Each structure stands twice: as C-alpha cells, then as structure tokens.
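Written below as structure tokens is the structure these notes are about.
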Amino acid sequence: MAERTLMKGNEALAEGAIRAGCRFFAGYPITPQNEVPEYMSWRMPQEGGFFIQAESEVAAINMLFGSAATGARVMTSSSSPGISLKQEGISYCAGADLPIFYANVVRGGPGLGNIAPAQGDYFQATRGGGHGDYRVFVMAPNSVTEMANFPKRCYDVAFKYRVPSMILADGILGQMMEPVEFDFDPVDPDTFPEFDWTIGDAAGRERRVVKSYDLRPGRLEEWNFERQKRFDTIEAEESAWDSEGIDDCELLVTSYGSCSRISKSAVKLARDNGLAVGLLRPITLYPFPKRAFKEAAKGVKNILVVEMSLGQYIEDVQLSVEGAAPIHFHGRPAGGIPTAEEIYEIIKKIMGK
Amino acid sequence: MKVVFEETKGLTGVPMRYCPGCGHGIAHRLVAEVIEELGVRERSVGVVPVGCSVFLDEYINCDGIQGPHGRGPAIATGIKRSKPNVIVFSYQGDGDLASIGMAETIHAAARSENITIIFINNAIYGMTGGQMAPTTLVGMRSTTCPAGRSIEVNGYPFKMCELLATLPGASYLARTSLDKAANVIKTKKAIEKAFKTQIQGKGFSMVEILSPCPTDWGMTPRAAIDRLKDEMIPYFPLGVYRDWEKEEKERAKAREEDKVEA
Ligand SMILES: Cc1ncc(C[n+]2csc(CCOP(=O)(O)OP(=O)(O)O)c2C)c(N)n1
Ligand code: SF4
C-alpha cells in the first residue's frame with residue numbers, strides 16, 4: 001500500500017474517492033477540475049460504478065441526491081461557478097440528511113473571474129453555502145497526497161453524521177504533480193452494512209420517504225435541533241489541524257490549503273534567519289479547529305493571517321483566538337498569488353526586524 | 001360476500017387534500033393501481049415534485065423522495081443508475097417539468113433514461129396560486145398575465161409530447177386527458193404501458209395528462225372539465241406520440257419487405 005506514484009492533484013482526488021468506495025459520479029466540465037470527471041469516466045466503470053456527464057451542475061447535484069438516497073457513496077466536483085449552481089441541491093441533501101461528497105477546485109471570482117487559483121469561496125464553503133441552517137464538513141488539503149486521502153475521511157464523516165462533506169482545493173492543488181501515498185486500503189462498498197434510511201427495495205419493510213420538508217407544527221424546528229446536535233458533535237470531535245514550530249514562536253502565521261504551502265516557505269525563511277515564527281494550518285475548515293487556535297494564540301505576540309481572498313478566512317481565526325493577540329492580515333484576491341518573499345517581508349515588519 | 005371493488009394497496013388510505021375537481025387525485029390513484037397491478041409496488045420509488053402534488057408521498061404506498069423544483073428526472077436518473085432494479089417514476093407539474101426543469105426533462109429523454117414520467121399538464125402554477133405556466137394557453141388568464149397570455153410577451157405554450165417525440169431516446173410518449181371516464185381509462189392504459197416500458201428496460205417513457213385546476217382557473221369543477229374539452233384538447237391533441245413496440249414491429253415488417261423484394 002505504501003507504494004508511491006506520481007499523480008496530478010485532480011486525478012489523485014478522483015482515485016482517492018474511488019478507493020474510498022465512491023461508485024457514482026456526476027459532473028459537468030469546468031476548468032480547473034476537468035481531470036476529475038475525465039479520470040472518473042474510464043476509471044469508474046472498472047470498479048462497476050457509474051459515471052455520467054450531466055447536462056448541467058444543477059442536474060449533476062440532483063443525480064447525486066437520487067443516488068445518495070439509495071445509500072451509494074457519491075461524488076461530484078466542480079469549480080466556483082458550478083458549485084454556486086449546486087447550492088440548492090446541496091441544501092436539499094443537508095435537509096434530507098443524505099451523505100454526499102463533493103470537491104470545489106476553486107478558481108478566481110466573482111463571476112467568471114479567471115481560472116487561476118484562488119480562495120474566494122471560503123465563506124460559501126464554511127457557512128453552509130446554500131439556503132437554510134446547515135453546515136458542510138470541509139477539508140482543505142495542501143498536497144496531492146492529501147487530495148488523495150481526504151475523500152475517505154470525508155465519506156467517513158458524511159456517513160457517520162449523515163451530512164454533506166467537501167474538499168476545498170484550488171487550481172494549484174488540482175494541477176500540480178506530486179508523489180502520492182495512500183494511507184488506507186481500498187474500501188469495498190459491497191461490504192457496507194444495510195442502512196435504515198435508504199430507498200428502493202421496500203419488500204419486507206415499512207416504506208420510506210427521503211425528504212427535507214416537514215409542515216407539521218413544531219416538527220421542522222425539532223428536526224433542525226436534532227441536526228444541529230450532529231454538527232455540535234462534529235465540532236467537538238472531527239476537527240483537524242497541522243502545525244510547525246508553534247511552541248516557541250512569537251509570531252503565529254496561519255493559512256489554509258495551497259496558501260499554507262507558501263506561508264510554510266515564508267516561515268522557513270524566517271526561522272532560517274533566526275526569527276521565532278510558527279505556522280498553524282487548519283485541515284478541517286468546518287469544523288474549524290478553534291481550540292488549537294486558542295491554545296496557540298496564548299503565548300504569541302502577534303498573529304499573521306495570509307489568505308488568497310480579502311478577509312474571509314481571517315474571521316474564523318478572529319472568532320477562535322478571541323482577541324488573545326493582535327491579528328495582522330495579508331490577503332491577495334483572485335488574480336494574485338502571494339510569494340514566500342512577500343510574506344517574509346511582512347513577517348519582518350511585524351516583528352520589527 | 002363477493003368483493004366487487006376494493007381500494008388499491010397502491011394507495012396509503014390517507015385522505016387527499018386536493019381541491020374539489022382537481023385532477024391530481026385521479027392521476028395518483030391511477031399510478032397507484034398500476035404499480036400494484038404490475039406487482040412492482042414494493043420496488044417502486046416515486047420522485048415527488050415541488051407543486052401541489054408535493055404530498056404525493058403521503059398518498060402513494062411506495063418509497064418516495066422529494067427533491068428540488070424541476071429536478072425529478074435527474075433525481076430519478078441517480079436512483080435508477082445506482083439501483084437498476086428499482087422502478088422509478090417522476091411525477092411533475094407543468095411548471096416543474098416544462099419550465100424550471102426543462103433541461104432535465106429533455107436530457108433524460110435524450111439519454112433514454114429508463115424511467116417513467118407522469119406529467120400533469122394543468123396549464124397553470126397551482127401551488128403558488130395561479131401564475132402563468134409554460135403550457136398556459138394563449139389568451140388564458142393567470143395572476144401573472146391577468147389580461148391573458150400574450151404571444152408578444154410570453155410566446156407560445158410548449159407541446160411537450162411533440163417536442164420530445166423528435167428525440168430517438170423517447171421510447172413511449174402519450175398524451176391523455178381526465179375530462180371523462182373513457183379518457184380516465186385510457187390514461188390508466190397509457191400509465192400501464194409507460195411502466196411496462198420501464199420494466200422491460202425499453203427506456204424513457206412519459207404520459208402527459210391534461211388535468212383540471214378549477215381553483216386557479218377560477219372555475220367550477222364542471223366548467224373546468226369543459227375547458228379541458230373545448231380549449232386544452234384542441235391545442236394539446238390526445239394520442240400516442242411514440243411507441244417503441246409499434247416502431248419495433250414496423251421496423252421488423254420493413255425488413256421483411258426488403259427481404260422479399262431482394
Ligand atoms: C427553486 C424554486 N423556485 C420556485 C419555487 C416555488 N414553486 C413552488 S410550486 C411552483 C410551481 C408549481 O406549478 P406546477 O409545476 O405546474 O405544479 P402544480 O402546482 O400546478 O401541480 C413554484 C414556482 C420553488 N419551490 N423552488
Ligand atoms: S390548486 Fe389546482 S392543482 Fe392545486 S390542488 Fe387545487 S385544483 Fe389541484
């Protein structure tokens with residue numbers, strides 16, 4: 001299993017989903033994620049799964065809605081405008097408690113923007129995205145190996161809590177090639193237990209209905225409270241993060257996804273030059289690793305948030321550290337990518353060097 | 001005592017809450033009877049639309065799934081492709097099927113998705129209170145065309161059977177009406193044929209049912225039936241628009257004739 005293969009991020013994502021038991025994929029072409037449906041189109045039939053190029057993102061997500069209701073591990077992927085179109089369907093999946101998995105290989109926005117890497121969809125991803133009171137389990141890989149391994153984690157959480165799950169990537173992660181090592185054995189969906197919520201094959205049991213509405217007085221509120229309990233548990237138990245040199249640092253730098261790779265280079269540059277700088281990166285964006293941030297913020301003099309958007313990610317950092325240290329901000333919106341050198345200069349300025 | 005009539009097991013027995021004279025209840029019963037009589041009720045899934053029939057799952061005694069407005073054919077595709085043994089029908093109104101969900105409808109037919117669509121054409125948006133539908137007749141009043149549908153602003157109403165009939169993937173298409181007992185019986189036959197099409201794996205089937213909506217037409221049930229006869233049927237002619245079985249036979253016959261000539 002520990003064999004290493006060179007893969008493109010988007011292909012690693014697709015292969016990772018298949019190895020995690022995905023047997024239904026519906027998608028619609030959009031750059032920079034086209035390698036995902038392309039890979040799925042030949043790979044899925046090999047595993048006895050089903051691939052379809054849908055007529056639109058709207059159709060794709062609704063195909064997932066139907067397939068997920070039969071208990072299948074389903075996936076769709078897209079990039080920003082396509083994910084916007086899918087939001088109604090994602091909300092219905094959340095409302096009907098269906099586990100789904102999707103990936104947003106983010107591009108520049110708003111509107112058609114461009115096809116370059118960006119992080120402008122942070123709010124959409126972490127605040128639910130569609131209408132109604134729900135969240136999505138969001139993972140932010142920063143390497144091709146993580147692109148390959150996170151789908152498994154997403155399915156596990158989605159099925160455990162019956163919530164939507166997603167990977168928030170971008171064009172850098174989708175397009176770059178790196179050695180990949182899978183950290184799990186392929187999952188055979190035929191070995192899954194029968195679920196008590198799926199439809200089709202009603203013989204010998206009560207009929208079931210998958211739906212997101214309840215007009216009976218008080219029931220919808222009850223249902224929403226019940227769902228929120230699941231999100232509370234997710235917040236308590238499912239967050240993940242990664243850090244480097246945060247125990248002895250004066251300045252805590254934080255970024256997520258591909259941007260954290262750039263920040264990591266900047267932090268290394270700073271440490272090589274004798275500056276006490278550490279890096280904290282959330283691996284799950286929802287649930288946000290609040291406690292890790294609160295802890296890390298305690299001993300530091302300053303915090304620097306670097307994101308490829310103009311003040312989205314910073315809000316979760318602010319909410320987590322609760323004013324424990326001053327927060328500085330460096331954001332580059334769609335169309336720009338920060339360099340390690342430019343971040344290093346900001347680090348020096350904050351530290352008065 | 002001999003049982004001469006029994007309510008089908010295809011219905012749950014929950015009393016329907018449709019308006020007096022509404023066509024949905026009749027259509028529900030016909031679908032329920034057909035899936036029971038064909039012995040597929042326990043492996044059927046009804047895809048429930050947004051529209052007046054959003055409560056279909058309470059009435060028809062099989063598994064159900066209620067999804068976003070207009071996306072029934074896509075949802076049905078997801079179910080069918082994951083569990084081919086399941087009999088999937090998508091029940092949709094005209095706003096659902098021919099306006100917001102037009103793309104899903106046409107593409108499901110183009111793929112010859114092995115699903116059945118029950119399309120209730122009442123020429124109006126029932127649930128939202130009587131707005132114009134893609135099938136509202138020219139001159140017909142609605143709350144969003146109070147002076148009557150004008151060609152200039154709204155164009156012409158869609159004839160869905162005729163439109164889909166141009167697609168090779170449409171295996172069975174029929175338009176029926178609920179205006180009188182004889183046509184209700186024909187409607188049931190068409191629904192039966194549509195489900196058989198799916199059971200035999202022959203691909204996309206749809207029955208378009210012209211149906212009265214007395215409430216949003218602002219008419220008595222009696223007058224609504226008259227409108228079906230006098231206005232709807234002339235614009236939406238009843239009949240079978242595609243029939244794979246007939247077409248297969250014709251092709252076989254043509255081949256035979258070619259052989260004889262040769
Ligand atoms: C995305 C979205 N847009 C609009 C609506 C509001 N809406 C509910 S039912 C309906 C139209 C229903 O008309 P039709 O499909 O003809 O069915 P009927 O009620 O006449 O049976 C609309 C527009 C909705 N629920 N979702
Ligand atoms: S509004 Fe029209 S379609 Fe809706 S229940 Fe009443 S009669 Fe039927």
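Order determines the names: the first chain of the structure tokens is A, the second B, and so forth; residues in each chain are numbered 1 upward, and ligands are numbered 1 upward as they are shown.
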Would you list the residues that come within 6 Å of ligand 2? Count only C-alpha atoms and all ligand atoms and give the answer as a ChimeraX atom specification.
-> /B:18-19,22,52,126-127,213-216
Shell around range 79-86 of chain B at 12 Å using only C-alpha atoms, local window under 5 positions removed, as a ChimeraX atom specification = /A:22-26,48-52,62-74,198-203 /B:35,40-47,62-65,72-74,108,111-116,195,198-201,203-204
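The environment of Glu178 in chain A within 7 Å, counting only C-alpha atoms and disregarding residues fewer than 6 places along the same chain, consists of A:Leu6, A:Met7, A:Lys8, A:Val144.
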For chain A against ligand 1, with a cut-off of 12 Å and counting only C-alpha atoms and all ligand atoms, what is the closest atom pair and its distance in Å to one decimal for every residue that makes the cut, ordered by chain and number, as JSON lines?
```
{"residue": "A:Val58", "atom": "CA", "partner": "ligand 1", "partner_atom_place_in_ligand_line": "1 (C)", "distance": 11.0}
{"residue": "A:Leu85", "atom": "CA", "partner": "ligand 1", "partner_atom_place_in_ligand_line": "1 (C)", "distance": 11.4}
{"residue": "A:Lys86", "atom": "CA", "partner": "ligand 1", "partner_atom_place_in_ligand_line": "1 (C)", "distance": 11.8}
{"residue": "A:Gln87", "atom": "CA", "partner": "ligand 1", "partner_atom_place_in_ligand_line": "1 (C)", "distance": 11.0}
{"residue": "A:Glu88", "atom": "CA", "partner": "ligand 1", "partner_atom_place_in_ligand_line": "1 (C)", "distance": 7.7}
{"residue": "A:Gly89", "atom": "CA", "partner": "ligand 1", "partner_atom_place_in_ligand_line": "1 (C)", "distance": 9.9}
{"residue": "A:Ser91", "atom": "CA", "partner": "ligand 1", "partner_atom_place_in_ligand_line": "1 (C)", "distance": 11.6}
{"residue": "A:Tyr92", "atom": "CA", "partner": "ligand 1", "partner_atom_place_in_ligand_line": "1 (C)", "distance": 11.1}
{"residue": "A:Gly130", "atom": "CA", "partner": "ligand 1", "partner_atom_place_in_ligand_line": "1 (C)", "distance": 11.9}
{"residue": "A:His131", "atom": "CA", "partner": "ligand 1", "partner_atom_place_in_ligand_line": "1 (C)", "distance": 10.9}
{"residue": "A:Tyr213", "atom": "CA", "partner": "ligand 1", "partner_atom_place_in_ligand_line": "25 (N)", "distance": 11.2}
```
May I have the residues from that selection written out with N, CA and C atoms, as a PDB file, in the first residue's frame?
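File written: again-v7.pdb
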```
ATOM      1  N   VAL A  58     -26.550  21.711 -12.062  1.00  0.00           N
ATOM      2  CA  VAL A  58     -27.814  21.550 -11.340  1.00  0.00           C
ATOM      3  C   VAL A  58     -28.285  20.096 -11.462  1.00  0.00           C
ATOM      4  N   LEU A  85     -23.987  26.945  -8.577  1.00  0.00           N
ATOM      5  CA  LEU A  85     -25.204  26.362  -9.139  1.00  0.00           C
ATOM      6  C   LEU A  85     -25.691  25.154  -8.344  1.00  0.00           C
ATOM      7  N   LYS A  86     -24.786  24.466  -7.722  1.00  0.00           N
ATOM      8  CA  LYS A  86     -25.166  23.243  -6.998  1.00  0.00           C
ATOM      9  C   LYS A  86     -25.751  23.512  -5.617  1.00  0.00           C
ATOM     10  N   GLN A  87     -25.708  24.758  -5.184  1.00  0.00           N
ATOM     11  CA  GLN A  87     -26.042  25.010  -3.778  1.00  0.00           C
ATOM     12  C   GLN A  87     -27.460  24.600  -3.391  1.00  0.00           C
ATOM     13  N   GLU A  88     -28.427  24.794  -4.271  1.00  0.00           N
ATOM     14  CA  GLU A  88     -29.792  24.398  -3.908  1.00  0.00           C
ATOM     15  C   GLU A  88     -29.840  22.899  -3.618  1.00  0.00           C
ATOM     16  N   GLY A  89     -29.211  22.130  -4.502  1.00  0.00           N
ATOM     17  CA  GLY A  89     -29.211  20.675  -4.337  1.00  0.00           C
ATOM     18  C   GLY A  89     -28.468  20.235  -3.082  1.00  0.00           C
ATOM     19  N   SER A  91     -28.179  21.949  -0.384  1.00  0.00           N
ATOM     20  CA  SER A  91     -29.071  22.267   0.733  1.00  0.00           C
ATOM     21  C   SER A  91     -30.143  21.180   0.905  1.00  0.00           C
ATOM     22  N   TYR A  92     -30.678  20.689  -0.198  1.00  0.00           N
ATOM     23  CA  TYR A  92     -31.665  19.598  -0.110  1.00  0.00           C
ATOM     24  C   TYR A  92     -31.031  18.330   0.473  1.00  0.00           C
ATOM     25  N   GLY A 130     -25.610  26.936   0.732  1.00  0.00           N
ATOM     26  CA  GLY A 130     -26.964  27.060   0.202  1.00  0.00           C
ATOM     27  C   GLY A 130     -27.890  27.674   1.237  1.00  0.00           C
ATOM     28  N   HIS A 131     -29.198  27.588   0.980  1.00  0.00           N
ATOM     29  CA  HIS A 131     -30.159  28.190   1.902  1.00  0.00           C
ATOM     30  C   HIS A 131     -30.406  27.274   3.098  1.00  0.00           C
ATOM     31  N   TYR A 213     -38.650  18.366   3.909  1.00  0.00           N
ATOM     32  CA  TYR A 213     -39.671  19.262   4.453  1.00  0.00           C
ATOM     33  C   TYR A 213     -40.518  18.558   5.508  1.00  0.00           C
TER      34      TYR A 213
END
```
Quick one: pull the distance between CA of Asn114 in chain A and CA of Gly335 in chain A, Å, one decimal.
->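 Separation of CA of Asn114 in chain A and CA of Gly335 in chain A: 7.3 Å.
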What's the 7 Å shell around range 103-110 of chain A, counting only C-alpha atoms, without same-chain residues fewer than 5 positions away, as a PyMOL selection string?
-> chain A and resi 32-33+76-80+83+115-121+166-171+174+334-335
Atoms kept (C-alpha atoms) for selection, written as a compact mmCIF listing (two decimals), in the first residue's frame:
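Written output follows (again-v3.txt):
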```txt
# COMPACT_ATOMS: atom_id res chain seq x y z
CA PRO A 32 -9.50 23.76 -13.45
CA GLN A 33 -11.12 20.49 -12.38
CA THR A 76 -19.40 15.47 -7.83
CA SER A 77 -16.71 18.03 -8.45
CA SER A 78 -16.69 21.46 -9.97
CA SER A 79 -15.11 24.86 -9.71
CA SER A 80 -16.57 28.03 -8.22
CA ILE A 83 -20.51 24.97 -7.10
CA ILE A 115 -9.11 30.04 -13.99
CA ALA A 116 -6.21 30.84 -11.70
CA PRO A 117 -6.03 29.53 -8.12
CA ALA A 118 -7.98 31.50 -5.53
CA GLN A 119 -9.58 31.13 -2.11
CA GLY A 120 -12.61 33.35 -2.56
CA ASP A 121 -15.14 30.60 -1.84
CA MET A 166 -16.45 18.54 0.71
CA ILE A 167 -12.88 19.26 -0.24
CA LEU A 168 -11.97 22.88 -0.80
CA ALA A 169 -8.99 22.92 -3.14
CA ASP A 170 -7.83 25.24 -5.88
CA GLY A 171 -6.12 25.20 -9.25
CA GLY A 174 -5.67 20.35 -8.83
CA ALA A 334 -8.39 36.36 -7.16
CA GLY A 335 -5.83 37.16 -9.81
```
For CA of Val138 in chain A and CA of Ser165 in chain A, quote the distance in Å rounded to one decimal.
-> 5.9 Å
Do a neighbour search on range 186-193 of chain B at 10 Å with only C-alpha atoms, toss out local chain neighbours closer than 6 positions, and write the hits as number ranges by chain.
-> B: 26-27, 29-31, 33-35, 37-38, 116-118, 172-178, 180, 199, 205-210, 239-240, 243
For the residues in that selection, give me C-alpha atoms as a PDB file, in the first residue's frame.
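Contents of again.pdb, freshly written:
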```pdb
ATOM      1  CA  ILE B  26     -57.320  10.797 -10.052  1.00  0.00           C
ATOM      2  CA  ALA B  27     -53.832  10.641 -11.504  1.00  0.00           C
ATOM      3  CA  ARG B  29     -54.968   6.651  -7.966  1.00  0.00           C
ATOM      4  CA  LEU B  30     -54.172   5.512 -11.490  1.00  0.00           C
ATOM      5  CA  VAL B  31     -50.437   5.400 -10.805  1.00  0.00           C
ATOM      6  CA  GLU B  33     -53.280   0.998  -9.181  1.00  0.00           C
ATOM      7  CA  VAL B  34     -50.805   0.387 -11.982  1.00  0.00           C
ATOM      8  CA  ILE B  35     -47.746  -0.197  -9.779  1.00  0.00           C
ATOM      9  CA  GLU B  37     -51.312  -4.439 -10.511  1.00  0.00           C
ATOM     10  CA  LEU B  38     -47.961  -4.819 -12.243  1.00  0.00           C
ATOM     11  CA  THR B 116     -41.247   6.916 -16.213  1.00  0.00           C
ATOM     12  CA  ILE B 117     -42.551  10.456 -16.024  1.00  0.00           C
ATOM     13  CA  ILE B 118     -46.121  11.282 -15.097  1.00  0.00           C
ATOM     14  CA  TYR B 172     -43.053   5.863 -25.125  1.00  0.00           C
ATOM     15  CA  LEU B 173     -44.932   9.165 -25.151  1.00  0.00           C
ATOM     16  CA  ALA B 174     -48.655   9.601 -24.796  1.00  0.00           C
ATOM     17  CA  ARG B 175     -50.991  12.470 -24.053  1.00  0.00           C
ATOM     18  CA  THR B 176     -54.284  11.726 -22.324  1.00  0.00           C
ATOM     19  CA  SER B 177     -56.958  13.684 -20.514  1.00  0.00           C
ATOM     20  CA  LEU B 178     -59.061  13.432 -17.374  1.00  0.00           C
ATOM     21  CA  LYS B 180     -64.364  11.951 -18.938  1.00  0.00           C
ATOM     22  CA  ILE B 199     -39.970  -2.808 -16.572  1.00  0.00           C
ATOM     23  CA  SER B 205     -41.486   6.887 -21.037  1.00  0.00           C
ATOM     24  CA  MET B 206     -43.794   9.795 -20.287  1.00  0.00           C
ATOM     25  CA  VAL B 207     -47.534  10.214 -20.004  1.00  0.00           C
ATOM     26  CA  GLU B 208     -48.762  13.786 -20.274  1.00  0.00           C
ATOM     27  CA  ILE B 209     -52.128  14.084 -18.565  1.00  0.00           C
ATOM     28  CA  LEU B 210     -54.347  17.102 -19.250  1.00  0.00           C
ATOM     29  CA  GLY B 239     -52.782  10.334 -28.609  1.00  0.00           C
ATOM     30  CA  VAL B 240     -49.655   8.224 -28.588  1.00  0.00           C
ATOM     31  CA  ASP B 243     -44.417   3.732 -29.058  1.00  0.00           C
TER      32      ASP B 243
END
```
Can you tell me, as a ChimeraX atom specification, what residues are no more than 10 Å from Arg227 in chain B when counting only C-alpha atoms, ignoring any on the same chain fewer than 4 positions away?
-> /B:179,212,214,217,219,221-223,231-233
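Note that CA of Leu275 in chain A and CA of Glu295 in chain A are 20.6 Å apart.
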As a VMD selection string, which residues of range 47-259 of chain B does DSSP assign to helix (DSSP H, G or I)?
-> chain B and resid 52 to 59 72 to 82 94 to 100 102 to 110 151 to 154 160 to 165 181 to 199 214 to 217 221 to 235 244 to 259
Any chance you can output those residues with C-alpha atoms as a compact mmCIF listing (two decimals), in the first residue's frame?
```
# COMPACT_ATOMS: atom_id res chain seq x y z
CA CYS B 52 -49.50 20.93 -5.48
CA SER B 53 -48.56 17.23 -5.57
CA VAL B 54 -45.68 17.71 -3.12
CA PHE B 55 -47.69 15.46 -0.76
CA LEU B 56 -47.73 12.56 -3.23
CA ASP B 57 -45.52 10.52 -0.92
CA GLU B 58 -48.24 10.54 1.72
CA TYR B 59 -50.74 9.03 -0.69
CA GLY B 72 -37.20 14.98 -10.86
CA PRO B 73 -35.66 13.41 -13.98
CA ALA B 74 -32.13 14.00 -12.63
CA ILE B 75 -33.04 12.55 -9.24
CA ALA B 76 -34.69 9.58 -10.95
CA THR B 77 -31.54 9.11 -13.02
CA GLY B 78 -29.42 8.96 -9.87
CA ILE B 79 -31.68 6.32 -8.33
CA LYS B 80 -32.08 4.21 -11.45
CA ARG B 81 -28.39 4.17 -12.32
CA SER B 82 -27.49 3.13 -8.79
CA ASP B 94 -46.04 21.75 -16.00
CA GLY B 95 -44.05 24.44 -14.24
CA ASP B 96 -41.83 21.76 -12.77
CA LEU B 97 -41.32 19.76 -15.96
CA ALA B 98 -41.50 22.29 -18.80
CA SER B 99 -40.18 25.49 -17.24
CA ILE B 100 -37.60 25.25 -14.46
CA MET B 102 -36.96 21.66 -18.98
CA ALA B 103 -33.29 20.78 -19.37
CA GLU B 104 -33.55 17.78 -17.06
CA THR B 105 -36.65 16.56 -18.91
CA ILE B 106 -35.12 16.79 -22.38
CA HIS B 107 -31.80 15.31 -21.39
CA ALA B 108 -33.37 12.39 -19.57
CA ALA B 109 -35.35 11.65 -22.73
CA ALA B 110 -32.26 12.08 -24.92
CA ILE B 151 -47.77 35.86 -27.75
CA GLU B 152 -45.84 39.10 -27.86
CA VAL B 153 -44.66 38.88 -24.28
CA ASN B 154 -44.84 35.19 -23.45
CA MET B 160 -44.09 18.53 -24.61
CA CYS B 161 -45.08 15.26 -26.25
CA GLU B 162 -44.48 16.70 -29.71
CA LEU B 163 -41.17 18.22 -28.59
CA LEU B 164 -39.84 15.03 -27.03
CA ALA B 165 -41.11 12.89 -29.91
CA ALA B 181 -64.47 8.36 -17.74
CA ALA B 182 -63.40 6.90 -21.08
CA ASN B 183 -60.32 9.13 -21.11
CA VAL B 184 -59.52 8.26 -17.50
CA ILE B 185 -59.48 4.61 -18.54
CA LYS B 186 -57.23 5.48 -21.49
CA THR B 187 -54.98 7.37 -19.11
CA LYS B 188 -54.61 4.29 -16.95
CA LYS B 189 -53.74 2.20 -20.02
CA ALA B 190 -51.10 4.73 -21.01
CA ILE B 191 -49.62 4.75 -17.50
CA GLU B 192 -49.54 0.97 -17.56
CA LYS B 193 -47.76 0.97 -20.89
CA ALA B 194 -45.27 3.54 -19.62
CA PHE B 195 -44.40 1.41 -16.57
CA LYS B 196 -44.17 -1.70 -18.75
CA THR B 197 -41.75 0.18 -20.98
CA GLN B 198 -39.54 0.70 -17.96
CA ILE B 199 -39.97 -2.81 -16.57
CA PRO B 214 -60.67 24.59 -11.03
CA THR B 215 -59.24 26.69 -8.19
CA ASP B 216 -56.58 28.55 -10.13
CA TRP B 217 -58.60 28.63 -13.31
CA PRO B 221 -65.20 21.82 -11.48
CA ARG B 222 -67.84 21.41 -14.21
CA ALA B 223 -66.66 24.45 -16.16
CA ALA B 224 -63.05 23.29 -15.75
CA ILE B 225 -63.92 20.00 -17.44
CA ASP B 226 -65.45 21.97 -20.28
CA ARG B 227 -62.26 23.96 -20.65
CA LEU B 228 -60.29 20.71 -20.91
CA LYS B 229 -62.56 19.62 -23.76
CA ASP B 230 -63.02 22.93 -25.54
CA GLU B 231 -59.64 24.63 -25.15
CA MET B 232 -56.97 22.25 -23.90
CA ILE B 233 -57.53 19.19 -26.08
CA PRO B 234 -57.68 21.18 -29.34
CA TYR B 235 -54.26 22.73 -28.62
CA TRP B 244 -41.27 1.60 -29.15
CA GLU B 245 -43.28 -1.59 -29.55
CA LYS B 246 -45.14 -0.37 -32.58
CA GLU B 247 -41.97 1.09 -34.02
CA GLU B 248 -40.10 -2.20 -33.49
CA LYS B 249 -42.86 -4.07 -35.29
CA GLU B 250 -42.85 -1.60 -38.16
CA ARG B 251 -39.09 -1.91 -38.48
CA ALA B 252 -39.33 -5.71 -38.49
CA LYS B 253 -42.04 -5.56 -41.13
CA ALA B 254 -39.97 -3.21 -43.27
CA ARG B 255 -37.02 -5.61 -43.01
CA GLU B 256 -39.27 -8.49 -44.11
CA GLU B 257 -40.49 -6.50 -47.09
CA ASP B 258 -36.91 -5.61 -48.04
CA LYS B 259 -36.04 -9.31 -47.95
```
Assign secondary structure with DSSP using the backbone only, and return the residues of range 81-323 of chain A in strand (DSSP E) as an NGL selection string.
-> :A and (100-108 or 114-117 or 137-139 or 164-170 or 177-180 or 209-210 or 241-244 or 251-254 or 277-282 or 284-286 or 302-307)
Find the spatial neighbours of range 315-321 of chain A, counting only C-alpha atoms, within a cut-off of 8 Å - ignore same-chain residues fewer than 4 positions away - and output them as a list in words.
->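 Residues near the query, excluding close chain neighbours: Phe288, Lys290, Arg291, Phe293, Lys294, Ala297, Val305, Gly311, Ala325 and Ile327 of chain A.
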